[in-house]
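The structure appears below as structure tokens.
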Amino acid sequence: MALAPNAKGTVPFGEYRTWYRVTGDLRTGVPPLVVAHGGPGSTHDYLRNIAELAGHGRPVVHYDQLGNGGSTRLPGRGADFWTPQLFLDELENLLGALGIAGDYTLLGHSWGGVLAARHAATRPAGLRGLIIANSPASYPLWLRELAVLRRALPPDVAETLTRHEEAGTTDSAEYVRAVKVFNDRHVCRLDPLPRDFIASLMEIHNDPAVYYTMNGPSEFHVNGTLRDYSVVDCCPDIAVPTLLISGRHDEVTPAAVQPFADLIPDVRWQIFEDSSHLPHLEEPERFLRVVREFLESIPDRGATPVRAGEF
């Protein structure tokens with residue numbers, strides 16, 4: 001599939017469609033950066049500024065995962081349909097449909113980083129490098145860390161959260177206000193919130209089926225199907241240079257990221273001191289520079305690999 005520069009559209013995924021946008025030219029010979037968004041059930045919108053890397057000659061591919069954004073919506077499907085394997089299959093299908101499966105790099109944010117790690121652990125022949133941004137290696141570990149962050153909230157906020165979660169009234173306005181206190185500390189510390197981030201939030205609000213099924217009613221009340229999910233077991237199988245990114249104030253604490261750092265053979269870790277969960281929006285210039293330098297450090301095929309820690 002020879003795409004013209006800055007193409008967008010959809011590709012078939014079984015009986016469904018996956019929406020994508022390419023910024024730059026996939027025919028230049030530079031391995032494109034494929035960007036997997038979080039959620040599950042969010043959209044690419046909040047990650048759009050990563051497309052600025054195309055100005056440095058690297059094509060960037062965004063896509064909306066099945067169930068949201070420009071991809072096929074399936075609001076009637078249940079937990080047995082929305083599985084990690086579904087999204088792994090979708091990613092593999094997209095790479096093949098765009099003709100880039102033989103030479104690409106991958107950035108996954110939050111849930112997208114979990115997805116990207118599991119994909120990389122299969123050792124796909126065309127994967128050149130991996131960026132795991134603001135992602136937990138294990139949801140059970142992350143839930144323990146989230147409990148620590150919740151205990152640091154003002155007592156009245158923590159009480160409101162617990163009361164509504166126990167009563168099953170997490171759709172109440174009072175719960176939403178209490179969630180905002182946590183999000184302002186640990187998800188995005190910018191005020192006002194960036195427009196691209198609001199766009200993704202509105203997409204989840206308008207069609208929350210995937211998010212509620214796999215995650216839960218909020219970032220820190222994970223009671224969906226991912227609550228026991230982990231990629232710790234497969235981290236040693238990741239065989240490409242890997243960059244970890246997290247924020248100092250991130251809801252995904254260093255302890256939740258640590259298994260990636262301990263177990264991936266060729267790994268480096270960059271913490272953004274003035275960021276929480278969205279350093280690409282909270283510290284955009286530094287974020288893009290760090291990502292660009294990492295991608296440029298990946299050796300050409302056949303060259304001597306850069307050893308871990310040299311970046």
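Residues are named by chain letter and number: chains run A, B, ... in the order of the structure tokens, numbers start at 1 in each chain, and ligands are numbered from 1 in the order shown.
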Under the rule of at most 9 Å, produce a per-residue listing of region 215-244 of chain A near region 175-197 of chain A: chain, number, name, the closest pair of atoms, and the distance in Å, as JSON lines, using only C-alpha atoms.
```
{"residue": "A:Ser218", "atom": "CA", "partner": "A:Val179", "partner_atom": "CA", "distance": 7.3}
{"residue": "A:Glu219", "atom": "CA", "partner": "A:Asn183", "partner_atom": "CA", "distance": 8.2}
{"residue": "A:Phe220", "atom": "CA", "partner": "A:Phe182", "partner_atom": "CA", "distance": 8.7}
```
Write out the residues from the selection above, keeping all heavy atoms, as a PDB file, in the first residue's frame.
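Result file follows (part_12.pdb):
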```pdb
ATOM      1  N   SER A 218     -13.081   5.621  36.480  1.00  0.00           N
ATOM      2  CA  SER A 218     -12.099   6.708  36.588  1.00  0.00           C
ATOM      3  C   SER A 218     -10.707   6.136  36.423  1.00  0.00           C
ATOM      4  O   SER A 218     -10.511   4.917  36.393  1.00  0.00           O
ATOM      5  CB  SER A 218     -12.214   7.427  37.944  1.00  0.00           C
ATOM      6  OG  SER A 218     -11.795   6.568  38.993  1.00  0.00           O
ATOM      7  N   GLU A 219      -9.714   7.033  36.354  1.00  0.00           N
ATOM      8  CA  GLU A 219      -8.340   6.599  36.176  1.00  0.00           C
ATOM      9  C   GLU A 219      -7.856   5.737  37.334  1.00  0.00           C
ATOM     10  O   GLU A 219      -6.982   4.884  37.167  1.00  0.00           O
ATOM     11  CB  GLU A 219      -7.424   7.820  36.022  1.00  0.00           C
ATOM     12  CG  GLU A 219      -7.517   8.508  34.684  1.00  0.00           C
ATOM     13  CD  GLU A 219      -7.018   7.616  33.561  1.00  0.00           C
ATOM     14  OE1 GLU A 219      -5.802   7.512  33.378  1.00  0.00           O
ATOM     15  OE2 GLU A 219      -7.854   7.003  32.875  1.00  0.00           O
ATOM     16  N   PHE A 220      -8.378   5.971  38.522  1.00  0.00           N
ATOM     17  CA  PHE A 220      -7.831   5.306  39.700  1.00  0.00           C
ATOM     18  C   PHE A 220      -8.786   4.290  40.317  1.00  0.00           C
ATOM     19  O   PHE A 220      -8.455   3.663  41.320  1.00  0.00           O
ATOM     20  CB  PHE A 220      -7.448   6.338  40.770  1.00  0.00           C
ATOM     21  CG  PHE A 220      -8.540   7.321  41.058  1.00  0.00           C
ATOM     22  CD1 PHE A 220      -9.580   6.998  41.898  1.00  0.00           C
ATOM     23  CD2 PHE A 220      -8.521   8.558  40.465  1.00  0.00           C
ATOM     24  CE1 PHE A 220     -10.593   7.895  42.147  1.00  0.00           C
ATOM     25  CE2 PHE A 220      -9.531   9.467  40.712  1.00  0.00           C
ATOM     26  CZ  PHE A 220     -10.568   9.130  41.552  1.00  0.00           C
TER      27      PHE A 220
END
```
task = Grab the CA of Thr122 (chain A) to CA of Asp233 (chain A) distance for me, in Å with one decimal place.
result = 12.1 Å
request  = Please measure the separation of CA of Val291 (chain A) and CA of Pro265 (chain A), giving the value in Å to one decimal.
outcome  =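 Separating CA of Val291 (chain A) from CA of Pro265 (chain A) is a distance of 19.1 Å.
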task = Would you please extract all alpha helix (DSSP H) residues from region 156-233 of chain A, as assigned by DSSP on the backbone, and give them as JSON, numbers by chain?
result = {"A": [156, 157, 158, 159, 160, 161, 162, 163, 164, 165, 166, 167, 173, 174, 175, 176, 177, 178, 179, 180, 181, 182, 183, 184, 185, 186, 195, 196, 197, 198, 199, 200, 201, 202, 203, 204, 205, 206, 209, 210, 211, 212, 213, 214]}
Since we have the selection now, will you write its residues out, keeping N, CA and C atoms, as a CSV table (one decimal), in the first residue's frame?
```
chain,number,residue,atom,x,y,z
A,156,ASP,N,-11.7,15.0,52.8
A,156,ASP,CA,-13.0,15.1,52.3
A,156,ASP,C,-13.2,14.6,50.9
A,157,VAL,N,-12.1,14.8,50.1
A,157,VAL,CA,-12.1,14.3,48.7
A,157,VAL,C,-12.0,12.7,48.7
A,158,ALA,N,-11.1,12.2,49.5
A,158,ALA,CA,-11.0,10.7,49.6
A,158,ALA,C,-12.3,10.1,50.1
A,159,GLU,N,-12.9,10.7,51.1
A,159,GLU,CA,-14.2,10.2,51.6
A,159,GLU,C,-15.3,10.2,50.5
A,160,THR,N,-15.3,11.3,49.7
A,160,THR,CA,-16.3,11.3,48.6
A,160,THR,C,-16.1,10.3,47.6
A,161,LEU,N,-14.9,10.1,47.2
A,161,LEU,CA,-14.6,9.0,46.2
A,161,LEU,C,-15.0,7.6,46.7
A,162,THR,N,-14.6,7.3,47.9
A,162,THR,CA,-14.9,6.0,48.5
A,162,THR,C,-16.4,5.8,48.6
A,163,ARG,N,-17.1,6.8,49.1
A,163,ARG,CA,-18.5,6.7,49.4
A,163,ARG,C,-19.3,6.4,48.1
A,164,HIS,N,-18.9,7.1,47.0
A,164,HIS,CA,-19.6,6.9,45.7
A,164,HIS,C,-19.2,5.6,45.1
A,165,GLU,N,-18.0,5.2,45.2
A,165,GLU,CA,-17.5,3.9,44.7
A,165,GLU,C,-18.2,2.7,45.3
A,166,GLU,N,-18.4,2.8,46.7
A,166,GLU,CA,-19.1,1.7,47.4
A,166,GLU,C,-20.6,1.7,47.1
A,167,ALA,N,-21.1,2.9,46.8
A,167,ALA,CA,-22.6,3.0,46.5
A,167,ALA,C,-22.9,2.7,45.1
A,173,ALA,N,-22.4,14.0,40.0
A,173,ALA,CA,-21.6,15.2,39.9
A,173,ALA,C,-20.6,15.4,41.0
A,174,GLU,N,-20.9,14.9,42.2
A,174,GLU,CA,-20.0,15.1,43.3
A,174,GLU,C,-18.8,14.2,43.1
A,175,TYR,N,-19.0,13.0,42.6
A,175,TYR,CA,-17.9,12.1,42.3
A,175,TYR,C,-17.0,12.7,41.3
A,176,VAL,N,-17.6,13.2,40.2
A,176,VAL,CA,-16.8,13.8,39.1
A,176,VAL,C,-15.9,14.9,39.6
A,177,ARG,N,-16.5,15.8,40.5
A,177,ARG,CA,-15.7,16.9,41.1
A,177,ARG,C,-14.5,16.4,41.9
A,178,ALA,N,-14.8,15.3,42.7
A,178,ALA,CA,-13.7,14.7,43.5
A,178,ALA,C,-12.6,14.1,42.6
A,179,VAL,N,-13.0,13.4,41.5
A,179,VAL,CA,-12.1,12.9,40.5
A,179,VAL,C,-11.2,14.0,40.0
A,180,LYS,N,-11.7,15.2,39.7
A,180,LYS,CA,-11.0,16.3,39.2
A,180,LYS,C,-9.8,16.7,40.1
A,181,VAL,N,-10.0,16.6,41.4
A,181,VAL,CA,-8.9,16.9,42.3
A,181,VAL,C,-7.7,16.0,42.1
A,182,PHE,N,-8.0,14.7,41.9
A,182,PHE,CA,-6.9,13.7,41.6
A,182,PHE,C,-6.3,14.0,40.3
A,183,ASN,N,-7.2,14.2,39.3
A,183,ASN,CA,-6.6,14.4,37.9
A,183,ASN,C,-5.8,15.7,37.8
A,184,ASP,N,-6.2,16.7,38.5
A,184,ASP,CA,-5.4,17.9,38.5
A,184,ASP,C,-4.0,17.8,39.1
A,185,ARG,N,-3.8,16.8,39.9
A,185,ARG,CA,-2.5,16.5,40.5
A,185,ARG,C,-1.7,15.5,39.7
A,186,HIS,N,-2.4,14.5,39.2
A,186,HIS,CA,-1.7,13.3,38.7
A,186,HIS,C,-1.9,12.9,37.2
A,195,ARG,N,-6.6,21.8,24.5
A,195,ARG,CA,-7.8,21.4,23.6
A,195,ARG,C,-7.8,20.0,23.1
A,196,ASP,N,-6.6,19.5,22.8
A,196,ASP,CA,-6.5,18.1,22.2
A,196,ASP,C,-6.8,17.1,23.3
A,197,PHE,N,-6.5,17.4,24.6
A,197,PHE,CA,-6.8,16.5,25.7
A,197,PHE,C,-8.3,16.5,25.9
A,198,ILE,N,-8.9,17.7,25.9
A,198,ILE,CA,-10.3,17.8,26.1
A,198,ILE,C,-11.1,17.1,25.0
A,199,ALA,N,-10.5,17.1,23.8
A,199,ALA,CA,-11.2,16.4,22.7
A,199,ALA,C,-11.3,14.9,23.0
A,200,SER,N,-10.2,14.3,23.5
A,200,SER,CA,-10.2,12.9,23.8
A,200,SER,C,-11.1,12.6,25.0
A,201,LEU,N,-11.1,13.5,26.0
A,201,LEU,CA,-12.0,13.3,27.2
A,201,LEU,C,-13.4,13.3,26.7
A,202,MET,N,-13.8,14.2,25.8
A,202,MET,CA,-15.2,14.3,25.3
A,202,MET,C,-15.5,13.0,24.5
A,203,GLU,N,-14.6,12.4,23.8
A,203,GLU,CA,-14.8,11.2,23.1
A,203,GLU,C,-15.2,10.1,24.1
A,204,ILE,N,-14.4,10.0,25.2
A,204,ILE,CA,-14.7,9.0,26.2
A,204,ILE,C,-16.0,9.2,26.8
A,205,HIS,N,-16.3,10.5,27.1
A,205,HIS,CA,-17.6,10.8,27.7
A,205,HIS,C,-18.8,10.4,26.8
A,206,ASN,N,-18.6,10.7,25.5
A,206,ASN,CA,-19.7,10.4,24.6
A,206,ASN,C,-19.9,8.9,24.3
A,209,ALA,N,-18.1,3.0,26.4
A,209,ALA,CA,-18.3,1.6,26.5
A,209,ALA,C,-16.9,0.8,26.7
A,210,VAL,N,-15.9,1.1,25.9
A,210,VAL,CA,-14.6,0.4,26.0
A,210,VAL,C,-13.9,0.8,27.3
A,211,TYR,N,-13.9,2.1,27.6
A,211,TYR,CA,-13.2,2.6,28.8
A,211,TYR,C,-13.8,1.9,30.1
A,212,TYR,N,-15.2,2.0,30.2
A,212,TYR,CA,-15.8,1.4,31.4
A,212,TYR,C,-15.6,-0.1,31.5
A,213,THR,N,-15.7,-0.8,30.4
A,213,THR,CA,-15.5,-2.2,30.4
A,213,THR,C,-14.2,-2.7,30.8
A,214,MET,N,-13.1,-2.0,30.2
A,214,MET,CA,-11.8,-2.5,30.4
A,214,MET,C,-11.1,-1.8,31.6
```
task = Give me the residues within 6 Å of region 250-261 of chain A as a PyMOL selection string, counting only C-alpha atoms and dropping any in the same chain fewer than 5 places off.
result = chain A and resi 136-137+141-142+186+276-277
Keeping N, CA, C and O atoms for every residue in the selection just given, could you write it to a file as a PDB file, in the first residue's frame?
```pdb
ATOM      1  N   PRO A 136       1.895   1.560  33.266  1.00  0.00           N
ATOM      2  CA  PRO A 136       2.232   0.593  34.317  1.00  0.00           C
ATOM      3  C   PRO A 136       2.584  -0.755  33.710  1.00  0.00           C
ATOM      4  O   PRO A 136       1.982  -1.182  32.732  1.00  0.00           O
ATOM      5  N   ALA A 137       3.544  -1.424  34.313  1.00  0.00           N
ATOM      6  CA  ALA A 137       3.885  -2.765  33.847  1.00  0.00           C
ATOM      7  C   ALA A 137       2.883  -3.801  34.346  1.00  0.00           C
ATOM      8  O   ALA A 137       2.766  -4.877  33.765  1.00  0.00           O
ATOM      9  N   LEU A 141      -0.118  -3.949  40.464  1.00  0.00           N
ATOM     10  CA  LEU A 141       0.887  -3.096  41.086  1.00  0.00           C
ATOM     11  C   LEU A 141       0.456  -1.640  41.028  1.00  0.00           C
ATOM     12  O   LEU A 141       0.584  -0.884  42.006  1.00  0.00           O
ATOM     13  N   TRP A 142      -0.062  -1.220  39.889  1.00  0.00           N
ATOM     14  CA  TRP A 142      -0.522   0.156  39.737  1.00  0.00           C
ATOM     15  C   TRP A 142      -1.658   0.478  40.709  1.00  0.00           C
ATOM     16  O   TRP A 142      -1.687   1.562  41.302  1.00  0.00           O
ATOM     17  N   HIS A 186      -2.385  14.481  39.182  1.00  0.00           N
ATOM     18  CA  HIS A 186      -1.660  13.309  38.697  1.00  0.00           C
ATOM     19  C   HIS A 186      -1.909  12.926  37.236  1.00  0.00           C
ATOM     20  O   HIS A 186      -1.276  12.002  36.736  1.00  0.00           O
ATOM     21  N   SER A 276       2.980  15.326  34.983  1.00  0.00           N
ATOM     22  CA  SER A 276       2.277  14.205  35.597  1.00  0.00           C
ATOM     23  C   SER A 276       2.125  13.109  34.538  1.00  0.00           C
ATOM     24  O   SER A 276       3.126  12.544  34.113  1.00  0.00           O
ATOM     25  N   HIS A 277       0.903  12.858  34.061  1.00  0.00           N
ATOM     26  CA  HIS A 277       0.668  11.739  33.159  1.00  0.00           C
ATOM     27  C   HIS A 277       0.806  12.099  31.680  1.00  0.00           C
ATOM     28  O   HIS A 277       0.805  11.214  30.832  1.00  0.00           O
TER      29      HIS A 277
END
```
task = Tell me, in Å to one decimal, how far CA of Leu127 (chain A) is from CA of Asp64 (chain A).
result =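 Taking CA of Leu127 (chain A) as the start and CA of Asp64 (chain A) as the end point, the length is 20.1 Å.
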Tell me, as a CSV table (one decimal) with all heavy atoms, in the first residue's frame, which residues lie within 9 Å of Pro208 (chain A), counting only C-alpha atoms; anything in the same chain fewer than 5 positions away does not count.
```
chain,number,residue,atom,x,y,z
A,41,GLY,N,-10.1,3.0,25.1
A,41,GLY,CA,-11.4,3.7,24.8
A,41,GLY,C,-11.2,5.2,24.6
A,41,GLY,O,-12.2,5.9,24.5
A,42,SER,N,-9.9,5.6,24.6
A,42,SER,CA,-9.7,7.0,24.3
A,42,SER,C,-9.5,7.2,22.7
A,42,SER,O,-9.9,6.3,22.0
A,42,SER,CB,-8.4,7.5,25.0
A,42,SER,OG,-8.2,8.9,24.8
A,68,ASN,N,-13.8,3.6,19.2
A,68,ASN,CA,-13.8,5.0,19.4
A,68,ASN,C,-13.2,5.8,18.3
A,68,ASN,O,-12.6,5.3,17.4
A,68,ASN,CB,-13.0,5.3,20.7
A,68,ASN,CG,-13.8,4.9,22.0
A,68,ASN,OD1,-13.6,3.8,22.4
A,68,ASN,ND2,-14.5,5.8,22.6
A,75,PRO,N,-21.0,-0.3,20.5
A,75,PRO,CA,-21.4,0.0,21.9
A,75,PRO,C,-22.1,-1.2,22.5
A,75,PRO,O,-22.2,-1.3,23.7
A,75,PRO,CB,-22.4,1.2,21.7
A,75,PRO,CG,-22.8,1.1,20.3
A,75,PRO,CD,-21.7,0.6,19.5
A,203,GLU,N,-14.6,12.4,23.8
A,203,GLU,CA,-14.8,11.2,23.1
A,203,GLU,C,-15.2,10.1,24.1
A,203,GLU,O,-16.1,9.3,23.8
A,203,GLU,CB,-13.6,10.8,22.2
A,203,GLU,CG,-13.4,11.7,21.0
A,203,GLU,CD,-14.3,11.3,19.8
A,203,GLU,OE1,-15.1,10.3,20.0
A,203,GLU,OE2,-14.2,11.9,18.8
A,213,THR,N,-15.7,-0.8,30.4
A,213,THR,CA,-15.5,-2.2,30.4
A,213,THR,C,-14.2,-2.7,30.8
A,213,THR,O,-14.0,-3.6,31.6
A,213,THR,CB,-15.9,-2.8,29.0
A,213,THR,OG1,-17.2,-2.4,28.7
A,213,THR,CG2,-15.7,-4.3,29.0
A,217,PRO,N,-14.7,3.4,36.0
A,217,PRO,CA,-15.3,4.7,36.0
A,217,PRO,C,-14.3,5.9,36.1
A,217,PRO,O,-14.7,7.0,35.8
A,217,PRO,CB,-16.3,4.7,37.2
A,217,PRO,CG,-15.6,3.7,38.1
A,217,PRO,CD,-15.0,2.7,37.3
```
ask   = Between A:Asn134, A:Thr105, A:Thr23, A:Gln65, which one has atoms that come closest to Arg292 (chain A), using only C-alpha atoms?
value = A:Thr105
